[in-house]
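Single-structure report; data block below.
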Amino acid sequence: MDAPPSTSAPLPPPPLPLALRIDCDAVASGGDAGTPTPNALLSPVLQLPPPEIAAARVVVLTLNDVYELFPNGSGQGGVAEFATLLNATKARLPTDAHVVVTLNGDFLWRSELDREDKGALMVEVLNALGVEFVVLGNHEFDFGGELLAELLRGAKFTSFGSNIRQRGSNALFPGLVDFEVVNLQNGVKMGIFGVSTTVTGKDPFAGDHVVFESEVPHARRCVEALQELGADLIVALTHFKLEEDKALVAQVPGIHLVLGGHDHEVMSVFSGDTLIHKSGQDALWLGVVDIHVEKTSATYDKSATVAVDFQWQMLCNRGYAPEPGLCALLLAYAARVHAEAKAQGKLERLAVSRTILDGCRASCRTHETNLGNLVADALRKELGADVAVLNAGFLKGDQLHDAGLEINAQWLEKFLPLRKPPVVVPLSVRDLTGALTKMLRKFPQMSSSFPQISGFALRYDANARAITSLSFADGSDDPDRQLRVATVCVPSMDGWDVLAKNLSVEAAATARDSGALVRLLVGAFVKRQGGEIAYPASEARITIWS
């Protein structure tokens, strides 16, 4: 007999296994022993196979907010040292783990803001570190959107920022992507996307062609798209304050892990079932988030359930030898900076501080500090104002400066790097009180809006969240008295709406175009002090009780 012709049609699936079911109650209730009733006839029942389980493991190595290239005074940090720690950590991980490296915003500038070549250097550094995914932070735009777009063309990493759009076309900012799907083991998929703070849009540096839209609808859009693409694990890279991360998680279901920045503090907290993790700043720490994913598929309707388990740790970047290649790159850059600074006279001593100057972040953002007093005094006196108000976020560096510190232009660039223009605004005592009340609203939490002041003293009742008095040298207590208030144009800070209520568009433009910088005012001020300053730790300018 001839064989049947071949066919390309698929063979039918094999039948599911059968099991025999006996109605025991029916057997017991009637008929002779051993003679089942019709209800007790053997009947075939489908026997379902056990559900399929697909498991995967991914380890995320993460950092954020990198402004310093070298270790601090305690020997912690350093980008080349971080590379050694990163490589050693990778080498210890099991071979079955999928490893991902992320940097969650603020990686291009802060110190040496006048040097555009630092941006290109940092892209080269991130490429050398093997960073795979980043989200843009607010400081990526310090030199404008056009330069940022040019820098991203040289990046080997994927850059996120779904809510950062181009004005007019509403397209993504050049060089960014919305999201990406990463294939893990056993068919498990990880979806990753990023959104950034809208605060950046309040500063002029990004330019008129960039729009920072609300992060929530864009995050929701990305999560839904990733779910449609079959993502089992969804990771969000963000650059927000913690409370904004929590709000995002509450409004956008489906996010398993948030890798964030912007707070500059080490933290790992759950918001519902979502882990929010941040790794401090300046490569002081390497965050390690170990994720186990199990996907159980039910064969009868192809539905699936996903279980996600987290373990994490923070590894201190201290005591590691610098990675030779990166070390050579950074030292060459530092030598170039030093030579140019010397040629430009930036190393010339302007003054010596005979006391310790407190520039620690935790100090400046919660109470009066003598570094804050120094800068506020310089604002007031150099601009000829009655009083001065400076937000603590303007003071950078997060460190104590030892007595004997030589203040020069390079030091001022490093610790007062922001280019936001100083301005004098007319304001009543009543309105000044209102602005300061807003600036203090987050106390006792650290806040970049916490005021450092000059020309008056204030008393604040933390329980009532109210200023009880403002005291001036002349003893005046008239709330309608008009003052000339020196401050800095920081539209993102609490209280700016009140401080700037009488600031005309023309005056703001004049301040912006004048070229005046706070660090230049401080340099002139300390030089006028005869080359020596001695600020006490506190002068009781700000008194807070609860």
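Chain labels run A, B, ... following the order of the structure tokens; each chain numbers its residues from 1, and ligands are numbered from 1 in the order shown.
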Using DSSP on the backbone, list every residue of stretch 344-495 of chain A that comes out as helix (DSSP H, G or I), and give them as a short mmCIF file (atom, residue, chain, number, x, y, z; two decimals) with N, CA and C atoms, in the first residue's frame.
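Listing of result.cif after writing:
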data_model
loop_
_atom_site.label_atom_id
_atom_site.label_comp_id
_atom_site.auth_asym_id
_atom_site.auth_seq_id
_atom_site.Cartn_x
_atom_site.Cartn_y
_atom_site.Cartn_z
N ARG A 361 25.18 69.58 54.26
CA ARG A 361 23.82 69.61 53.74
C ARG A 361 22.79 69.54 54.86
N ALA A 362 23.00 68.61 55.81
CA ALA A 362 22.04 68.44 56.89
C ALA A 362 21.96 69.67 57.77
N SER A 363 23.05 70.41 57.91
CA SER A 363 23.04 71.63 58.72
C SER A 363 22.35 72.77 57.98
N CYS A 364 22.80 73.03 56.76
CA CYS A 364 22.30 74.19 56.02
C CYS A 364 20.81 74.10 55.73
N ASN A 370 27.10 79.14 59.67
CA ASN A 370 27.95 80.31 59.43
C ASN A 370 28.34 80.45 57.95
N LEU A 371 28.36 79.36 57.18
CA LEU A 371 28.56 79.53 55.75
C LEU A 371 27.36 80.23 55.13
N GLY A 372 26.16 79.86 55.57
CA GLY A 372 24.96 80.55 55.09
C GLY A 372 24.98 82.01 55.47
N ASN A 373 25.41 82.32 56.70
CA ASN A 373 25.49 83.72 57.13
C ASN A 373 26.48 84.51 56.27
N LEU A 374 27.62 83.89 55.97
CA LEU A 374 28.63 84.55 55.15
C LEU A 374 28.07 84.91 53.77
N VAL A 375 27.44 83.96 53.11
CA VAL A 375 26.94 84.21 51.75
C VAL A 375 25.79 85.22 51.78
N ALA A 376 24.91 85.11 52.78
CA ALA A 376 23.80 86.06 52.89
C ALA A 376 24.31 87.47 53.17
N ASP A 377 25.33 87.60 54.02
CA ASP A 377 25.93 88.92 54.27
C ASP A 377 26.51 89.51 52.99
N ALA A 378 27.17 88.68 52.21
CA ALA A 378 27.76 89.16 50.95
C ALA A 378 26.67 89.65 49.99
N LEU A 379 25.58 88.91 49.91
CA LEU A 379 24.46 89.33 49.07
C LEU A 379 23.95 90.71 49.49
N ARG A 380 23.70 90.85 50.80
CA ARG A 380 23.10 92.09 51.31
C ARG A 380 24.03 93.28 51.09
N LYS A 381 25.28 93.13 51.47
CA LYS A 381 26.18 94.28 51.46
C LYS A 381 26.67 94.63 50.06
N GLU A 382 26.95 93.64 49.25
CA GLU A 382 27.44 93.92 47.90
C GLU A 382 26.35 94.47 46.99
N LEU A 383 25.08 94.14 47.28
CA LEU A 383 23.97 94.65 46.48
C LEU A 383 23.31 95.87 47.11
N ALA A 392 18.87 77.41 51.16
CA ALA A 392 19.99 76.54 51.52
C ALA A 392 20.46 75.69 50.36
N GLY A 393 19.57 75.40 49.41
CA GLY A 393 19.96 74.59 48.27
C GLY A 393 21.02 75.23 47.40
N PHE A 394 21.25 76.52 47.60
CA PHE A 394 22.27 77.22 46.82
C PHE A 394 23.67 76.84 47.28
N ALA A 409 38.91 81.93 44.04
CA ALA A 409 37.85 81.85 43.03
C ALA A 409 37.51 80.40 42.69
N GLN A 410 38.50 79.53 42.70
CA GLN A 410 38.22 78.12 42.39
C GLN A 410 37.36 77.49 43.49
N TRP A 411 37.64 77.82 44.75
CA TRP A 411 36.83 77.31 45.85
C TRP A 411 35.39 77.82 45.72
N LEU A 412 35.23 79.08 45.38
CA LEU A 412 33.89 79.65 45.23
C LEU A 412 33.13 78.99 44.09
N GLU A 413 33.81 78.69 42.99
CA GLU A 413 33.16 77.99 41.88
C GLU A 413 32.67 76.61 42.31
N LYS A 414 33.45 75.96 43.15
CA LYS A 414 33.12 74.59 43.55
C LYS A 414 31.93 74.55 44.50
N PHE A 415 31.88 75.47 45.45
CA PHE A 415 30.85 75.39 46.48
C PHE A 415 29.68 76.36 46.27
N VAL A 429 7.57 94.09 55.07
CA VAL A 429 7.89 93.16 56.15
C VAL A 429 6.84 92.06 56.22
N ARG A 430 5.59 92.43 55.99
CA ARG A 430 4.51 91.44 56.02
C ARG A 430 4.73 90.35 54.96
N ASP A 431 5.07 90.79 53.75
CA ASP A 431 5.30 89.82 52.67
C ASP A 431 6.57 89.01 52.91
N LEU A 432 7.59 89.64 53.45
CA LEU A 432 8.81 88.91 53.79
C LEU A 432 8.50 87.80 54.78
N THR A 433 7.67 88.12 55.77
CA THR A 433 7.26 87.10 56.75
C THR A 433 6.53 85.95 56.07
N GLY A 434 5.65 86.28 55.13
CA GLY A 434 4.93 85.25 54.40
C GLY A 434 5.85 84.36 53.59
N ALA A 435 6.82 84.96 52.93
CA ALA A 435 7.76 84.18 52.13
C ALA A 435 8.59 83.25 53.02
N LEU A 436 9.07 83.78 54.13
CA LEU A 436 9.89 82.97 55.04
C LEU A 436 9.09 81.83 55.66
N THR A 437 7.82 82.09 55.94
CA THR A 437 6.96 81.03 56.48
C THR A 437 6.86 79.87 55.50
N LYS A 438 6.72 80.18 54.23
CA LYS A 438 6.68 79.12 53.21
C LYS A 438 8.02 78.40 53.11
N MET A 439 9.10 79.14 53.23
CA MET A 439 10.42 78.52 53.13
C MET A 439 10.68 77.56 54.29
#
Query raised in the report: Any idea what's packed within 7 Å of stretch 323-325 of chain A, counting only C-alpha atoms, ignoring anything in its chain fewer than 4 positions away? Could you give it as a list in words?
Result: Ala80, Glu81, Ala83, Thr84 and Leu329 of chain A
Keeping only C-alpha atoms, write the selected residues as a PDB file, in the first residue's frame.
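And here is the file that came out, part_6.pdb:
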ATOM      1  CA  ALA A  80      37.626  55.561  39.772  1.00  0.00           C
ATOM      2  CA  GLU A  81      37.338  53.882  43.169  1.00  0.00           C
ATOM      3  CA  ALA A  83      34.679  51.442  39.238  1.00  0.00           C
ATOM      4  CA  THR A  84      36.804  49.012  41.262  1.00  0.00           C
ATOM      5  CA  LEU A 329      41.413  59.948  32.694  1.00  0.00           C
TER       6      LEU A 329
END
Query - strand (DSSP E or B) positions in stretch 47-212 of chain A, given as a ChimeraX atom specification - result: /A:52-63,76,98-103,110,112,133-135,158-160,164-166,172,176-177,179-183,189-196,210-212
Requested in this report: Could you give me, as a list in words, the residues within 10 Å of A:Asn170, counting only C-alpha atoms and dropping anything in the same chain fewer than 2 positions from it?
Outcome: Asn163, Ile164, Arg165, Gln166, Arg167, Gly168, Leu172, Phe173, His209, Val210, Val211 and Glu213 of chain A
Query raised in the report: Looking at only C-alpha atoms, which of A:Asp402, A:Asp65, A:Asp309, A:Glu265 is the one that sits closest to A:His139?
Result: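 Counting only C-alpha atoms, the residue closest to A:His139 is A:Asp65.
In this model, the gap between atom CA of A:Val134 and atom CA of A:His256 comes to 17.8 Å.
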Determine, for each residue of stretch 360-462 of chain A having at least one atom at most 8 Å from an atom of stretch 466-471 of chain A, the closest pair of atoms and their separation in Å to one decimal, counting only C-alpha atoms; order by chain and ascending number, as JSON lines.
{"residue": "A:Thr433", "atom": "CA", "partner": "A:Ile467", "partner_atom": "CA", "distance": 7.0}
{"residue": "A:Thr437", "atom": "CA", "partner": "A:Ala466", "partner_atom": "CA", "distance": 6.4}
{"residue": "A:Phe456", "atom": "CA", "partner": "A:Ser471", "partner_atom": "CA", "distance": 5.5}
{"residue": "A:Ala457", "atom": "CA", "partner": "A:Ser471", "partner_atom": "CA", "distance": 5.1}
{"residue": "A:Leu458", "atom": "CA", "partner": "A:Leu470", "partner_atom": "CA", "distance": 4.5}
{"residue": "A:Arg459", "atom": "CA", "partner": "A:Ser469", "partner_atom": "CA", "distance": 5.4}
{"residue": "A:Tyr460", "atom": "CA", "partner": "A:Ile467", "partner_atom": "CA", "distance": 4.3}
{"residue": "A:Asp461", "atom": "CA", "partner": "A:Ala466", "partner_atom": "CA", "distance": 5.4}
{"residue": "A:Ala462", "atom": "CA", "partner": "A:Ala466", "partner_atom": "CA", "distance": 6.8}
Output N, CA and C atoms for every residue in the selection just made, as a PDB file, in the first residue's frame.
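Result file follows (part23.pdb):
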ATOM      1  N   THR A 433       7.667  88.116  55.771  1.00  0.00           N
ATOM      2  CA  THR A 433       7.256  87.102  56.751  1.00  0.00           C
ATOM      3  C   THR A 433       6.526  85.952  56.067  1.00  0.00           C
ATOM      4  N   THR A 437       7.820  82.086  55.941  1.00  0.00           N
ATOM      5  CA  THR A 437       6.958  81.029  56.483  1.00  0.00           C
ATOM      6  C   THR A 437       6.857  79.869  55.501  1.00  0.00           C
ATOM      7  N   PHE A 456      18.629  90.771  59.741  1.00  0.00           N
ATOM      8  CA  PHE A 456      17.525  90.664  60.696  1.00  0.00           C
ATOM      9  C   PHE A 456      17.611  89.305  61.381  1.00  0.00           C
ATOM     10  N   ALA A 457      16.755  89.107  62.362  1.00  0.00           N
ATOM     11  CA  ALA A 457      16.650  87.822  63.061  1.00  0.00           C
ATOM     12  C   ALA A 457      15.191  87.397  63.055  1.00  0.00           C
ATOM     13  N   LEU A 458      14.964  86.101  63.077  1.00  0.00           N
ATOM     14  CA  LEU A 458      13.578  85.614  63.113  1.00  0.00           C
ATOM     15  C   LEU A 458      13.430  84.544  64.181  1.00  0.00           C
ATOM     16  N   ARG A 459      12.218  84.454  64.713  1.00  0.00           N
ATOM     17  CA  ARG A 459      11.843  83.405  65.663  1.00  0.00           C
ATOM     18  C   ARG A 459      10.680  82.635  65.053  1.00  0.00           C
ATOM     19  N   TYR A 460      10.800  81.299  65.107  1.00  0.00           N
ATOM     20  CA  TYR A 460       9.819  80.440  64.439  1.00  0.00           C
ATOM     21  C   TYR A 460       9.301  79.403  65.415  1.00  0.00           C
ATOM     22  N   ASP A 461       7.967  79.309  65.505  1.00  0.00           N
ATOM     23  CA  ASP A 461       7.303  78.313  66.339  1.00  0.00           C
ATOM     24  C   ASP A 461       6.983  77.108  65.454  1.00  0.00           C
ATOM     25  N   ALA A 462       7.733  76.018  65.635  1.00  0.00           N
ATOM     26  CA  ALA A 462       7.557  74.848  64.770  1.00  0.00           C
ATOM     27  C   ALA A 462       6.222  74.160  65.004  1.00  0.00           C
TER      28      ALA A 462
END
Requested in this report: Name the residues in contact with A:Ala231 at a cut-off of 6 Å, using only C-alpha atoms, excluding same-chain residues fewer than 6 positions from it; report them as an MDAnalysis selection string.
Outcome: chainID A and resid 189:191
Just the selected residues (N, CA and C atoms), exported as a short mmCIF file (atom, residue, chain, number, x, y, z; two decimals), in the first residue's frame, please.
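What ended up in out.cif:
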data_model
loop_
_atom_site.label_atom_id
_atom_site.label_comp_id
_atom_site.auth_asym_id
_atom_site.auth_seq_id
_atom_site.Cartn_x
_atom_site.Cartn_y
_atom_site.Cartn_z
N LYS A 189 10.38 38.77 31.24
CA LYS A 189 10.74 40.06 30.66
C LYS A 189 10.69 41.17 31.71
N MET A 190 11.67 42.06 31.63
CA MET A 190 11.70 43.25 32.49
C MET A 190 11.48 44.48 31.62
N GLY A 191 10.53 45.32 32.03
CA GLY A 191 10.31 46.59 31.36
C GLY A 191 10.90 47.71 32.19
#
Query raised in the report: From the list A:Leu520, A:Ile255, A:Ala403, A:Val389, which residue is nearest A:Thr355 when using only C-alpha atoms?
Result: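 Nearest to A:Thr355: A:Ala403.
Considering the residues A:Leu347, A:Leu242, A:Val308, A:Ala225 and counting only C-alpha atoms, A:Asp263 has its shortest atom-to-atom contact with A:Leu242.
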Query raised in the report: If you count only C-alpha atoms, which residues fall within 12 Å of A:Tyr333, apart from same-chain ones fewer than 6 positions away, as a PyMOL selection string?
Result: chain A and resi 69-70+112+115+117-122+124-125+326-327+339-340
Report task. Please provide as a list in words all residues within 10 Å of A:Val66, with the sequence filter that same-chain residues fewer than 3 positions apart are discarded (counting only C-alpha atoms). Result ->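 Listed by chain and then number, they are Leu63, Leu69, Gly77, Gly78, Val79, Leu103, Asn104, Gly105, Asp106, Phe107, Leu108, Trp109, Arg110, Met122, His264, Gly280, Gln281, Asp282, Ala283 and Leu284 of chain A.
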